[in-house]
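Chemist: First the structure, which I've put down as structure tokens, then a few questions once you've had a look.
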2 protein chains.
Amino acid sequence: METTTDTQWLGESQQRVWRSFLGATTLLMDRLDRDLRNAHDLSMPEYEILVRLSESPDRSIRMAELAAQIMHSRSRVTHTITRLERKGIVLREQAASDGRGVTAVLTDHGFSVLERAAHTHVNGVRAYLVETASPEEFDVLGQVMARVVSHLDVNGTCATP
Amino acid sequence: METTTDTQWLGESQQRVWRSFLGATTLLMDRLDRDLRNAHDLSMPEYEILVRLSESPDRSIRMAELAAQIMHSRSRVTHTITRLERKGIVLREQAASDGRGVTAVLTDHGFSVLERAAHTHVNGVRAYLVETASPEEFDVLGQVMARVVSHLDVNGTCATP
DNA sequence: AGCATGTGGTTGAGCGTTCAACAAACTCCG
DNA sequence: CGGAGTTTGTTGAACGCTCAACCACATGCT
């Protein structure tokens with residue numbers, strides 16, 4: 001572990017950046033989530049899943065792959081898919097070729113929910129994030145975030161407790 | 001609201017940035033939280049509160065002010081402080097001069113918990129975020145995040161449902 | 001003073017997440 | 001083949017957060 005004094009503390013300005021980052025992500029995620037819920041009865045995690053499914057051949061993805069794509073635990077995806085299934089937005093299918101495999105499939109109803117929700121979401125992302133940065137700044141943001149991901153997402157699989 | 005077609009979708013590269021951002025924040029927050037919990041039985045939200053209290057005169061802040069600083073709802077802060085109180089890390093005091101006011105106070109024990117936890121947290125922030133960016137990039141990050149906050153945090157008060 | 005409105009803080013129910021434990025199916029090597 | 005070890009997905013309890021309702025005090029208007 002760490003002894004009592006060998007830590008390199010954050011400087012004044014680094015701290016300011018870090019606190020802005022914390023505040024911004026809190027406000028941003030809360031807001032996007034709330035917007036989606038109010039307008040379409042859909043949470044952000046649910047929305048992310050719909051997006052991935054809709055982009056995939058057959059509108060279906062295996063549970064583990066889905067979890068990896070959105071960086072959620074397998075357990076979390078199980079629960080989320082269960083809720084989505086109850087709403088008739090998604091359904092489960094046995095994966096051919098692997099007895100354990102389960103693939104989530106987007107229903108037609110689910111797709112139409114997504115089509116409507118996407119407007120709300122994208123407008124939010126634009127207004128709350130994209131518009132606050134110049135294209136150059138936005139690129140920098142992307143590069144840094146990508147590095148954070150590849151650094152933290154060892155072996156492409158999220159927290160598997 | 002929005003009609004069916006007037007939405008300006010995100011371009012290929014904007015989408016990549018946005019997804020990196022989502023993934024990075026998910027992984028980053030999860031990891032910092034887990035590190036703190038494993039080493040010090042403290043969640044990120046709890047830690048944030050301790051930091052603010054420790055920086056404040058008398059190591060005490062009023063509930064609403066605390067909520068505003070860390071961008072959480074008043075209700076959320078109430079719950080978090082209740083848990084911290086049970087752990088003996090914080091205690092509640094009636095605010096003089098306002099019959100309704102309650103201020104949270106950091107106990108000595110709480111302060112010593114914070115002293116130890118800070119190492120873990122700061123090392124994490126450095127390793128997972130600061131080190132992945134050049135100083136210039138990090139500044140850009142800070143500027144953009146600060147703008148997001150001031151844009152979303154109208155009236156300095158978080159989501160008051 | 002007296003009533004309306006606003007603010008500070010709490011409460012409890014319900015939802016969503018984590019975590020640890022588990023079962024079933026796959027892999028691979030002796 | 002057969003059994004150890006891994007991967008996939010689920011489960012249920014415990015925890016944390018949100019939301020709406022609420023009480024108590026404060027403020028402002030007439």
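Identifiers in the structure tokens: chain A, B, ... in order shown; residue index from 1 per chain; ligand index from 1 in order shown.
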Could the residues of chain D within 8 Å of chain B, counting only C-alpha atoms (C1' of nucleotides), be given as a ChimeraX atom specification, please?
Modeler: /D:17,19,24-25
Chemist: Could you give me chain A least-squares fitted onto chain B (all C-alpha atoms, paired in order), as a short mmCIF file (atom, residue, chain, number, x, y, z; two decimals) with N, CA and C atoms, in the first residue's frame?
Modeler:
data_model
loop_
_atom_site.label_atom_id
_atom_site.label_comp_id
_atom_site.auth_asym_id
_atom_site.auth_seq_id
_atom_site.Cartn_x
_atom_site.Cartn_y
_atom_site.Cartn_z
N MET A 1 -42.16 20.24 -28.33
CA MET A 1 -41.19 19.14 -28.45
C MET A 1 -40.51 19.16 -29.82
N GLU A 2 -40.04 18.01 -30.21
CA GLU A 2 -39.32 17.93 -31.48
C GLU A 2 -40.13 17.15 -32.50
N THR A 3 -40.10 17.62 -33.71
CA THR A 3 -40.79 16.86 -34.76
C THR A 3 -39.88 15.70 -35.15
N THR A 4 -40.26 14.98 -36.16
CA THR A 4 -39.57 13.72 -36.41
C THR A 4 -38.25 13.88 -37.15
N THR A 5 -38.00 15.03 -37.75
CA THR A 5 -36.84 15.08 -38.63
C THR A 5 -35.91 16.27 -38.46
N ASP A 6 -36.18 17.19 -37.55
CA ASP A 6 -35.37 18.40 -37.50
C ASP A 6 -34.11 18.27 -36.64
N THR A 7 -33.70 17.07 -36.35
CA THR A 7 -32.54 16.91 -35.48
C THR A 7 -31.23 16.79 -36.26
N GLN A 8 -30.26 17.56 -35.79
CA GLN A 8 -28.93 17.54 -36.38
C GLN A 8 -28.13 16.41 -35.73
N TRP A 9 -27.97 15.29 -36.43
CA TRP A 9 -27.30 14.14 -35.83
C TRP A 9 -25.81 14.37 -35.61
N LEU A 10 -25.22 13.54 -34.83
CA LEU A 10 -23.77 13.65 -34.61
C LEU A 10 -23.02 13.02 -35.76
N GLY A 11 -21.92 13.65 -36.14
CA GLY A 11 -21.08 13.06 -37.19
C GLY A 11 -20.29 11.89 -36.63
N GLU A 12 -19.75 11.13 -37.54
CA GLU A 12 -18.91 9.97 -37.21
C GLU A 12 -17.93 10.27 -36.06
N SER A 13 -17.16 11.33 -36.23
CA SER A 13 -16.08 11.57 -35.26
C SER A 13 -16.64 12.16 -33.97
N GLN A 14 -17.68 12.94 -34.07
CA GLN A 14 -18.30 13.44 -32.85
C GLN A 14 -18.84 12.29 -32.02
N GLN A 15 -19.39 11.33 -32.74
CA GLN A 15 -19.93 10.17 -32.04
C GLN A 15 -18.82 9.39 -31.33
N ARG A 16 -17.69 9.28 -32.02
CA ARG A 16 -16.58 8.56 -31.40
C ARG A 16 -16.15 9.25 -30.12
N VAL A 17 -16.06 10.58 -30.18
CA VAL A 17 -15.67 11.33 -28.99
C VAL A 17 -16.69 11.11 -27.87
N TRP A 18 -17.94 11.22 -28.20
CA TRP A 18 -18.98 11.08 -27.19
C TRP A 18 -18.94 9.70 -26.54
N ARG A 19 -18.72 8.69 -27.34
CA ARG A 19 -18.68 7.34 -26.77
C ARG A 19 -17.44 7.13 -25.90
N SER A 20 -16.33 7.71 -26.31
CA SER A 20 -15.15 7.64 -25.46
C SER A 20 -15.43 8.32 -24.13
N PHE A 21 -16.08 9.46 -24.23
CA PHE A 21 -16.38 10.21 -23.02
C PHE A 21 -17.24 9.38 -22.07
N LEU A 22 -18.28 8.80 -22.61
CA LEU A 22 -19.16 7.95 -21.81
C LEU A 22 -18.39 6.79 -21.18
N GLY A 23 -17.62 6.11 -22.00
CA GLY A 23 -16.86 4.96 -21.50
C GLY A 23 -15.85 5.37 -20.45
N ALA A 24 -15.14 6.46 -20.73
CA ALA A 24 -14.10 6.91 -19.81
C ALA A 24 -14.70 7.27 -18.45
N THR A 25 -15.77 8.04 -18.45
CA THR A 25 -16.34 8.42 -17.16
C THR A 25 -16.86 7.20 -16.42
N THR A 26 -17.49 6.29 -17.13
CA THR A 26 -17.97 5.07 -16.47
C THR A 26 -16.83 4.33 -15.80
N LEU A 27 -15.79 4.04 -16.58
CA LEU A 27 -14.67 3.28 -16.04
C LEU A 27 -13.98 4.04 -14.91
N LEU A 28 -13.76 5.33 -15.15
CA LEU A 28 -13.02 6.14 -14.19
C LEU A 28 -13.73 6.21 -12.84
N MET A 29 -15.00 6.57 -12.88
CA MET A 29 -15.74 6.71 -11.62
C MET A 29 -15.85 5.37 -10.91
N ASP A 30 -16.17 4.33 -11.68
CA ASP A 30 -16.25 3.00 -11.08
C ASP A 30 -14.96 2.65 -10.37
N ARG A 31 -13.87 2.91 -11.05
CA ARG A 31 -12.59 2.51 -10.50
C ARG A 31 -12.21 3.29 -9.26
N LEU A 32 -12.37 4.60 -9.31
CA LEU A 32 -12.05 5.43 -8.15
C LEU A 32 -12.92 5.03 -6.96
N ASP A 33 -14.18 4.77 -7.24
CA ASP A 33 -15.09 4.36 -6.18
C ASP A 33 -14.66 3.04 -5.58
N ARG A 34 -14.37 2.10 -6.44
CA ARG A 34 -13.98 0.77 -5.95
C ARG A 34 -12.70 0.84 -5.12
N ASP A 35 -11.71 1.58 -5.62
CA ASP A 35 -10.46 1.72 -4.88
C ASP A 35 -10.71 2.25 -3.47
N LEU A 36 -11.52 3.31 -3.39
CA LEU A 36 -11.80 3.91 -2.08
C LEU A 36 -12.53 2.93 -1.17
N ARG A 37 -13.51 2.25 -1.70
CA ARG A 37 -14.27 1.29 -0.90
C ARG A 37 -13.39 0.19 -0.36
N ASN A 38 -12.62 -0.40 -1.25
CA ASN A 38 -11.79 -1.53 -0.84
C ASN A 38 -10.78 -1.12 0.22
N ALA A 39 -10.17 0.05 0.03
CA ALA A 39 -9.09 0.42 0.94
C ALA A 39 -9.58 1.14 2.19
N HIS A 40 -10.71 1.85 2.10
CA HIS A 40 -11.10 2.68 3.24
C HIS A 40 -12.59 2.64 3.56
N ASP A 41 -13.31 1.75 2.93
CA ASP A 41 -14.74 1.63 3.20
C ASP A 41 -15.47 2.97 3.04
N LEU A 42 -15.15 3.65 1.95
CA LEU A 42 -15.69 4.99 1.70
C LEU A 42 -16.08 5.07 0.23
N SER A 43 -17.25 5.63 -0.06
CA SER A 43 -17.64 5.80 -1.47
C SER A 43 -17.14 7.15 -1.99
N MET A 44 -17.15 7.32 -3.28
CA MET A 44 -16.75 8.60 -3.86
C MET A 44 -17.59 9.76 -3.34
N PRO A 45 -18.91 9.66 -3.38
CA PRO A 45 -19.72 10.75 -2.85
C PRO A 45 -19.38 11.06 -1.40
N GLU A 46 -19.17 10.02 -0.61
CA GLU A 46 -18.79 10.26 0.78
C GLU A 46 -17.47 11.00 0.84
N TYR A 47 -16.52 10.53 0.05
CA TYR A 47 -15.20 11.18 0.03
C TYR A 47 -15.29 12.65 -0.34
N GLU A 48 -16.07 12.94 -1.37
CA GLU A 48 -16.21 14.34 -1.80
C GLU A 48 -16.70 15.21 -0.65
N ILE A 49 -17.64 14.68 0.10
CA ILE A 49 -18.15 15.44 1.23
C ILE A 49 -17.07 15.70 2.27
N LEU A 50 -16.31 14.66 2.58
CA LEU A 50 -15.23 14.83 3.56
C LEU A 50 -14.26 15.91 3.11
N VAL A 51 -13.91 15.90 1.84
CA VAL A 51 -12.97 16.89 1.34
C VAL A 51 -13.50 18.30 1.56
N ARG A 52 -14.74 18.52 1.17
CA ARG A 52 -15.31 19.87 1.30
C ARG A 52 -15.35 20.29 2.76
N LEU A 53 -15.78 19.38 3.61
CA LEU A 53 -15.84 19.72 5.03
C LEU A 53 -14.46 20.07 5.57
N SER A 54 -13.48 19.28 5.20
CA SER A 54 -12.14 19.49 5.75
C SER A 54 -11.55 20.83 5.35
N GLU A 55 -12.01 21.36 4.22
CA GLU A 55 -11.47 22.64 3.74
C GLU A 55 -12.19 23.83 4.32
N SER A 56 -13.25 23.58 5.03
CA SER A 56 -14.12 24.66 5.45
C SER A 56 -13.80 25.08 6.87
N PRO A 57 -13.99 26.37 7.20
CA PRO A 57 -13.79 26.83 8.56
C PRO A 57 -14.63 25.99 9.52
N ASP A 58 -14.07 25.60 10.63
CA ASP A 58 -14.74 24.74 11.62
C ASP A 58 -15.05 23.36 11.08
N ARG A 59 -14.49 23.05 9.91
CA ARG A 59 -14.81 21.75 9.31
C ARG A 59 -16.30 21.48 9.27
N SER A 60 -17.06 22.50 8.97
CA SER A 60 -18.51 22.33 8.92
C SER A 60 -19.12 23.14 7.80
N ILE A 61 -20.15 22.61 7.19
CA ILE A 61 -20.86 23.30 6.11
C ILE A 61 -22.34 22.98 6.25
N ARG A 62 -23.14 23.93 5.87
CA ARG A 62 -24.59 23.70 5.90
C ARG A 62 -25.01 22.77 4.78
N MET A 63 -26.03 22.00 5.06
CA MET A 63 -26.46 20.96 4.14
C MET A 63 -26.66 21.48 2.71
N ALA A 64 -27.41 22.55 2.56
CA ALA A 64 -27.73 23.05 1.22
C ALA A 64 -26.47 23.48 0.49
N GLU A 65 -25.57 24.14 1.21
CA GLU A 65 -24.33 24.59 0.61
C GLU A 65 -23.49 23.40 0.16
N LEU A 66 -23.46 22.39 0.97
CA LEU A 66 -22.76 21.16 0.65
C LEU A 66 -23.32 20.55 -0.63
N ALA A 67 -24.63 20.48 -0.69
CA ALA A 67 -25.29 19.93 -1.87
C ALA A 67 -24.89 20.72 -3.12
N ALA A 68 -24.90 22.04 -3.00
CA ALA A 68 -24.56 22.88 -4.15
C ALA A 68 -23.12 22.66 -4.58
N GLN A 69 -22.22 22.55 -3.61
CA GLN A 69 -20.80 22.39 -3.94
C GLN A 69 -20.53 21.12 -4.73
N ILE A 70 -21.13 20.03 -4.33
CA ILE A 70 -20.82 18.78 -5.03
C ILE A 70 -21.89 18.40 -6.05
N MET A 71 -22.84 19.28 -6.28
CA MET A 71 -23.85 19.08 -7.33
C MET A 71 -24.73 17.86 -7.08
N HIS A 72 -25.05 17.63 -5.82
CA HIS A 72 -25.99 16.57 -5.51
C HIS A 72 -27.28 17.19 -5.02
N SER A 73 -28.36 16.40 -5.07
CA SER A 73 -29.64 16.91 -4.58
C SER A 73 -29.59 17.00 -3.05
N ARG A 74 -30.42 17.84 -2.49
CA ARG A 74 -30.44 17.95 -1.03
C ARG A 74 -30.78 16.62 -0.39
N SER A 75 -31.73 15.94 -1.00
CA SER A 75 -32.11 14.64 -0.46
C SER A 75 -30.93 13.68 -0.41
N ARG A 76 -30.19 13.67 -1.49
CA ARG A 76 -29.05 12.76 -1.55
C ARG A 76 -28.06 13.06 -0.44
N VAL A 77 -27.79 14.34 -0.24
CA VAL A 77 -26.85 14.72 0.81
C VAL A 77 -27.37 14.30 2.18
N THR A 78 -28.65 14.49 2.41
CA THR A 78 -29.24 14.05 3.67
C THR A 78 -28.92 12.58 3.93
N HIS A 79 -29.20 11.74 2.93
CA HIS A 79 -28.95 10.31 3.10
C HIS A 79 -27.48 10.01 3.33
N THR A 80 -26.64 10.64 2.52
CA THR A 80 -25.21 10.36 2.64
C THR A 80 -24.69 10.76 4.03
N ILE A 81 -25.10 11.96 4.47
CA ILE A 81 -24.67 12.42 5.80
C ILE A 81 -25.17 11.47 6.89
N THR A 82 -26.39 10.97 6.72
CA THR A 82 -26.92 10.02 7.70
C THR A 82 -26.00 8.80 7.82
N ARG A 83 -25.57 8.29 6.66
CA ARG A 83 -24.67 7.12 6.70
C ARG A 83 -23.35 7.48 7.35
N LEU A 84 -22.81 8.64 6.97
CA LEU A 84 -21.53 9.07 7.53
C LEU A 84 -21.64 9.27 9.04
N GLU A 85 -22.80 9.72 9.47
CA GLU A 85 -23.00 9.95 10.89
C GLU A 85 -22.96 8.60 11.63
N ARG A 86 -23.58 7.60 11.03
CA ARG A 86 -23.58 6.27 11.65
C ARG A 86 -22.17 5.73 11.79
N LYS A 87 -21.31 6.11 10.88
CA LYS A 87 -19.93 5.63 10.93
C LYS A 87 -19.06 6.47 11.88
N GLY A 88 -19.64 7.54 12.42
CA GLY A 88 -18.88 8.38 13.33
C GLY A 88 -17.90 9.31 12.64
N ILE A 89 -18.15 9.57 11.36
CA ILE A 89 -17.22 10.36 10.57
C ILE A 89 -17.65 11.82 10.53
N VAL A 90 -18.91 12.02 10.79
CA VAL A 90 -19.51 13.33 10.66
C VAL A 90 -20.57 13.44 11.74
N LEU A 91 -20.91 14.64 12.14
CA LEU A 91 -22.10 14.77 12.97
C LEU A 91 -22.89 16.01 12.62
N ARG A 92 -24.16 16.01 12.98
CA ARG A 92 -25.06 17.11 12.65
C ARG A 92 -25.13 18.09 13.80
N GLU A 93 -25.23 19.38 13.45
CA GLU A 93 -25.42 20.40 14.47
C GLU A 93 -26.49 21.39 14.00
N GLN A 94 -27.29 21.85 14.96
CA GLN A 94 -28.22 22.92 14.64
C GLN A 94 -27.46 24.17 14.26
N ALA A 95 -27.83 24.79 13.17
CA ALA A 95 -27.18 26.03 12.79
C ALA A 95 -27.72 27.16 13.65
N ALA A 96 -26.81 27.92 14.25
CA ALA A 96 -27.25 29.12 14.94
C ALA A 96 -27.79 30.04 13.86
N SER A 97 -28.68 30.93 14.20
CA SER A 97 -29.13 31.98 13.28
C SER A 97 -30.11 31.52 12.21
N ASP A 98 -30.40 30.24 12.15
CA ASP A 98 -31.47 29.81 11.26
C ASP A 98 -32.06 28.51 11.81
N GLY A 99 -33.24 28.61 12.30
CA GLY A 99 -33.90 27.50 12.97
C GLY A 99 -33.99 26.24 12.14
N ARG A 100 -34.00 26.39 10.81
CA ARG A 100 -34.11 25.21 9.96
C ARG A 100 -32.76 24.60 9.70
N GLY A 101 -31.74 25.48 9.75
CA GLY A 101 -30.41 25.11 9.30
C GLY A 101 -29.80 23.94 10.04
N VAL A 102 -29.13 23.07 9.29
CA VAL A 102 -28.35 22.00 9.88
C VAL A 102 -26.97 22.07 9.24
N THR A 103 -25.94 21.99 10.07
CA THR A 103 -24.60 21.94 9.49
C THR A 103 -23.97 20.60 9.81
N ALA A 104 -23.29 20.07 8.81
CA ALA A 104 -22.55 18.83 9.00
C ALA A 104 -21.15 19.18 9.47
N VAL A 105 -20.66 18.48 10.47
CA VAL A 105 -19.33 18.73 11.01
C VAL A 105 -18.48 17.48 10.91
N LEU A 106 -17.26 17.65 10.44
CA LEU A 106 -16.33 16.53 10.35
C LEU A 106 -15.75 16.23 11.73
N THR A 107 -15.83 14.98 12.16
CA THR A 107 -15.24 14.63 13.46
C THR A 107 -13.74 14.41 13.31
N ASP A 108 -13.05 14.31 14.44
CA ASP A 108 -11.61 14.04 14.38
C ASP A 108 -11.35 12.69 13.71
N HIS A 109 -12.15 11.73 14.08
CA HIS A 109 -12.02 10.42 13.44
C HIS A 109 -12.22 10.54 11.94
N GLY A 110 -13.27 11.29 11.54
CA GLY A 110 -13.52 11.51 10.13
C GLY A 110 -12.33 12.12 9.43
N PHE A 111 -11.70 13.08 10.10
CA PHE A 111 -10.55 13.74 9.49
C PHE A 111 -9.41 12.75 9.28
N SER A 112 -9.22 11.87 10.21
CA SER A 112 -8.10 10.93 10.06
C SER A 112 -8.42 9.89 8.99
N VAL A 113 -9.69 9.53 8.86
CA VAL A 113 -10.08 8.65 7.76
C VAL A 113 -9.76 9.34 6.43
N LEU A 114 -10.13 10.60 6.34
CA LEU A 114 -9.87 11.36 5.11
C LEU A 114 -8.39 11.43 4.80
N GLU A 115 -7.58 11.69 5.83
CA GLU A 115 -6.14 11.79 5.61
C GLU A 115 -5.58 10.54 4.94
N ARG A 116 -6.10 9.39 5.36
CA ARG A 116 -5.62 8.15 4.75
C ARG A 116 -6.20 7.93 3.36
N ALA A 117 -7.51 8.21 3.24
CA ALA A 117 -8.18 7.95 1.96
C ALA A 117 -7.65 8.84 0.84
N ALA A 118 -7.22 10.03 1.21
CA ALA A 118 -6.79 10.99 0.20
C ALA A 118 -5.65 10.44 -0.67
N HIS A 119 -4.76 9.68 -0.05
CA HIS A 119 -3.66 9.09 -0.82
C HIS A 119 -4.19 8.22 -1.94
N THR A 120 -5.05 7.31 -1.56
CA THR A 120 -5.64 6.40 -2.55
C THR A 120 -6.30 7.18 -3.67
N HIS A 121 -7.13 8.15 -3.29
CA HIS A 121 -7.89 8.89 -4.29
C HIS A 121 -6.98 9.67 -5.24
N VAL A 122 -6.09 10.44 -4.67
CA VAL A 122 -5.23 11.28 -5.51
C VAL A 122 -4.35 10.43 -6.42
N ASN A 123 -3.81 9.37 -5.89
CA ASN A 123 -3.01 8.49 -6.74
C ASN A 123 -3.85 7.95 -7.90
N GLY A 124 -5.10 7.65 -7.62
CA GLY A 124 -5.99 7.18 -8.66
C GLY A 124 -6.22 8.24 -9.71
N VAL A 125 -6.58 9.42 -9.29
CA VAL A 125 -6.85 10.51 -10.24
C VAL A 125 -5.63 10.76 -11.12
N ARG A 126 -4.46 10.77 -10.49
CA ARG A 126 -3.23 10.94 -11.27
C ARG A 126 -3.06 9.84 -12.31
N ALA A 127 -3.09 8.62 -11.83
CA ALA A 127 -2.78 7.49 -12.69
C ALA A 127 -3.80 7.32 -13.81
N TYR A 128 -5.07 7.49 -13.48
CA TYR A 128 -6.12 7.17 -14.45
C TYR A 128 -6.47 8.34 -15.35
N LEU A 129 -6.25 9.56 -14.89
CA LEU A 129 -6.66 10.70 -15.71
C LEU A 129 -5.52 11.66 -16.02
N VAL A 130 -4.91 12.23 -14.99
CA VAL A 130 -3.93 13.28 -15.21
C VAL A 130 -2.78 12.82 -16.11
N GLU A 131 -2.30 11.62 -15.85
CA GLU A 131 -1.14 11.13 -16.60
C GLU A 131 -1.45 10.83 -18.06
N THR A 132 -2.72 10.69 -18.37
CA THR A 132 -3.06 10.36 -19.76
C THR A 132 -3.10 11.59 -20.65
N ALA A 133 -2.91 12.76 -20.06
CA ALA A 133 -2.99 13.99 -20.85
C ALA A 133 -1.75 14.85 -20.64
N SER A 134 -1.36 15.58 -21.68
CA SER A 134 -0.30 16.58 -21.51
C SER A 134 -0.90 17.74 -20.72
N PRO A 135 -0.05 18.57 -20.12
CA PRO A 135 -0.58 19.72 -19.38
C PRO A 135 -1.51 20.57 -20.23
N GLU A 136 -1.16 20.76 -21.50
CA GLU A 136 -2.02 21.58 -22.36
C GLU A 136 -3.38 20.92 -22.57
N GLU A 137 -3.34 19.64 -22.85
CA GLU A 137 -4.60 18.93 -23.04
C GLU A 137 -5.45 18.98 -21.78
N PHE A 138 -4.76 18.84 -20.67
CA PHE A 138 -5.48 18.83 -19.39
C PHE A 138 -6.18 20.17 -19.16
N ASP A 139 -5.49 21.25 -19.54
CA ASP A 139 -6.10 22.57 -19.41
C ASP A 139 -7.35 22.69 -20.27
N VAL A 140 -7.24 22.20 -21.51
CA VAL A 140 -8.39 22.25 -22.39
C VAL A 140 -9.56 21.51 -21.76
N LEU A 141 -9.25 20.32 -21.27
CA LEU A 141 -10.27 19.53 -20.58
C LEU A 141 -10.96 20.38 -19.50
N GLY A 142 -10.14 21.03 -18.70
CA GLY A 142 -10.68 21.85 -17.62
C GLY A 142 -11.58 22.97 -18.12
N GLN A 143 -11.14 23.62 -19.19
CA GLN A 143 -11.94 24.73 -19.70
C GLN A 143 -13.30 24.25 -20.20
N VAL A 144 -13.26 23.16 -20.97
CA VAL A 144 -14.53 22.65 -21.49
C VAL A 144 -15.45 22.23 -20.36
N MET A 145 -14.91 21.49 -19.41
CA MET A 145 -15.74 21.01 -18.30
C MET A 145 -16.32 22.18 -17.50
N ALA A 146 -15.51 23.21 -17.29
CA ALA A 146 -16.01 24.37 -16.55
C ALA A 146 -17.18 25.02 -17.29
N ARG A 147 -17.07 25.07 -18.61
CA ARG A 147 -18.17 25.66 -19.39
C ARG A 147 -19.42 24.80 -19.28
N VAL A 148 -19.23 23.49 -19.32
CA VAL A 148 -20.39 22.60 -19.19
C VAL A 148 -21.09 22.87 -17.86
N VAL A 149 -20.29 22.98 -16.81
CA VAL A 149 -20.87 23.23 -15.49
C VAL A 149 -21.66 24.53 -15.48
N SER A 150 -21.02 25.61 -15.93
CA SER A 150 -21.72 26.89 -15.79
C SER A 150 -22.94 26.95 -16.70
N HIS A 151 -22.92 26.17 -17.74
CA HIS A 151 -24.06 26.15 -18.65
C HIS A 151 -25.23 25.35 -18.07
N LEU A 152 -24.89 24.30 -17.34
CA LEU A 152 -25.92 23.37 -16.85
C LEU A 152 -26.36 23.70 -15.43
N ASP A 153 -25.48 24.38 -14.70
CA ASP A 153 -25.73 24.60 -13.29
C ASP A 153 -26.37 25.97 -13.09
N VAL A 154 -27.50 26.15 -13.77
CA VAL A 154 -28.18 27.43 -13.65
C VAL A 154 -28.48 27.70 -12.19
N ASN A 155 -28.34 28.90 -11.76
CA ASN A 155 -28.59 29.35 -10.39
C ASN A 155 -27.82 28.58 -9.33
N GLY A 156 -26.71 28.00 -9.73
CA GLY A 156 -25.81 27.39 -8.75
C GLY A 156 -26.40 26.27 -7.93
N THR A 157 -27.62 25.90 -8.21
CA THR A 157 -28.21 24.84 -7.41
C THR A 157 -28.57 23.65 -8.28
N CYS A 158 -28.21 22.50 -7.79
CA CYS A 158 -28.44 21.28 -8.54
C CYS A 158 -29.91 20.90 -8.54
N ALA A 159 -30.19 19.95 -9.38
CA ALA A 159 -31.51 19.32 -9.49
C ALA A 159 -32.29 19.35 -8.19
N THR A 160 -33.23 20.23 -8.07
CA THR A 160 -34.06 20.28 -6.87
C THR A 160 -35.47 19.82 -7.24
N PRO A 161 -35.68 18.53 -7.20
CA PRO A 161 -36.93 17.92 -7.69
C PRO A 161 -38.16 18.40 -6.92
#
Chemist: From stretch 36-106 of chain B, collect each residue whose DSSP state is alpha helix (DSSP H) and return the set as a PyMOL selection string.
Modeler: chain B and resi 36-40+44-55+63-70+74-86
Chemist: Just list the residues in chain B DSSP gives strand (DSSP E or B) on the backbone, as a list in words.
Modeler: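 After running DSSP on the backbone, chain B has strand (DSSP E or B) at Ser60, Ile61, Arg62, Val90, Leu91, Arg92, Glu93, Gln94, Val102, Thr103, Ala104, Val105 and Leu106 of chain B.
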Chemist: I need the chain C residues near chain B as a list in words; criterion: at most 8 Å, counting only C-alpha atoms (C1' of nucleotides).
Modeler: DG8, DG9 and DT10 of chain C
Chemist: The selected residues should be written to file as a PDB file, in the first residue's frame (atoms: N, CA and C atoms (P, O5', C5', C4', C3', O3' and C1' of nucleotides)).
Modeler:
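Once written, selection_30.pdb looks like this:
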ATOM      1  P    DG C   8     -32.421  27.622   1.098  1.00  0.00           P
ATOM      2  O5'  DG C   8     -32.770  26.629   2.296  1.00  0.00           O
ATOM      3  C5'  DG C   8     -32.677  27.116   3.621  1.00  0.00           C
ATOM      4  C4'  DG C   8     -32.766  25.952   4.583  1.00  0.00           C
ATOM      5  C3'  DG C   8     -31.837  24.790   4.225  1.00  0.00           C
ATOM      6  O3'  DG C   8     -31.198  24.365   5.419  1.00  0.00           O
ATOM      7  C1'  DG C   8     -34.085  24.030   4.301  1.00  0.00           C
ATOM      8  P    DG C   9     -30.104  23.279   5.378  1.00  0.00           P
ATOM      9  O5'  DG C   9     -30.988  21.973   5.576  1.00  0.00           O
ATOM     10  C5'  DG C   9     -31.608  21.760   6.846  1.00  0.00           C
ATOM     11  C4'  DG C   9     -32.524  20.568   6.771  1.00  0.00           C
ATOM     12  C3'  DG C   9     -31.883  19.245   6.326  1.00  0.00           C
ATOM     13  O3'  DG C   9     -31.691  18.462   7.508  1.00  0.00           O
ATOM     14  C1'  DG C   9     -34.111  19.563   5.471  1.00  0.00           C
ATOM     15  P    DT C  10     -31.290  16.928   7.382  1.00  0.00           P
ATOM     16  O5'  DT C  10     -32.721  16.239   7.224  1.00  0.00           O
ATOM     17  C5'  DT C  10     -33.677  16.468   8.252  1.00  0.00           C
ATOM     18  C4'  DT C  10     -34.926  15.643   8.000  1.00  0.00           C
ATOM     19  C3'  DT C  10     -34.677  14.135   7.858  1.00  0.00           C
ATOM     20  O3'  DT C  10     -35.519  13.494   8.812  1.00  0.00           O
ATOM     21  C1'  DT C  10     -36.058  14.932   6.098  1.00  0.00           C
TER      22       DT C  10
END
Chemist: List as number ranges by chain the protein and nucleic acid residues near C:DA21, meaning an atom at most 12 Å away when only C-alpha atoms (C1' of nucleotides) are counted, but skip any in the same chain fewer than 3 places from it.
Modeler: A: 161; D: 10-13
Chemist: Would you save the residues from that selection as a CSV table (one decimal), in the first residue's frame, using C-alpha atoms (C1' of nucleotides)?
Modeler:
chain,number,residue,atom,x,y,z
A,161,PRO,CA,-16.5,-9.0,-9.8
D,10,DT,C1',-28.5,-15.4,-13.7
D,11,DT,C1',-30.1,-14.6,-8.9
D,12,DG,C1',-31.1,-12.2,-4.5
D,13,DA,C1',-29.8,-9.4,-0.9
Chemist: What's around D:DG3 at 12 Å? Count only C-alpha atoms (C1' of nucleotides), leave out sequence neighbours fewer than 5 positions away in its own chain, and write the answer as a list in words.
Modeler: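 My reading of the contact set: DT27, DC28, DC29 and DG30 of chain C.
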Chemist: Determine the nearest neighbour of C:DT11 from the options D:DG9, D:DA20, D:DA4, D:DA14, counting only C-alpha atoms (C1' of nucleotides).
Modeler: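 Residue with the minimum atom-to-atom distance to C:DT11: D:DA20.
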Chemist: One number please: atom C1' of C:DC22 to atom C1' of D:DC1, in Å, one decimal.
Modeler: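 Atom C1' of D:DC1 lies at a distance of 26.8 Å from atom C1' of C:DC22.
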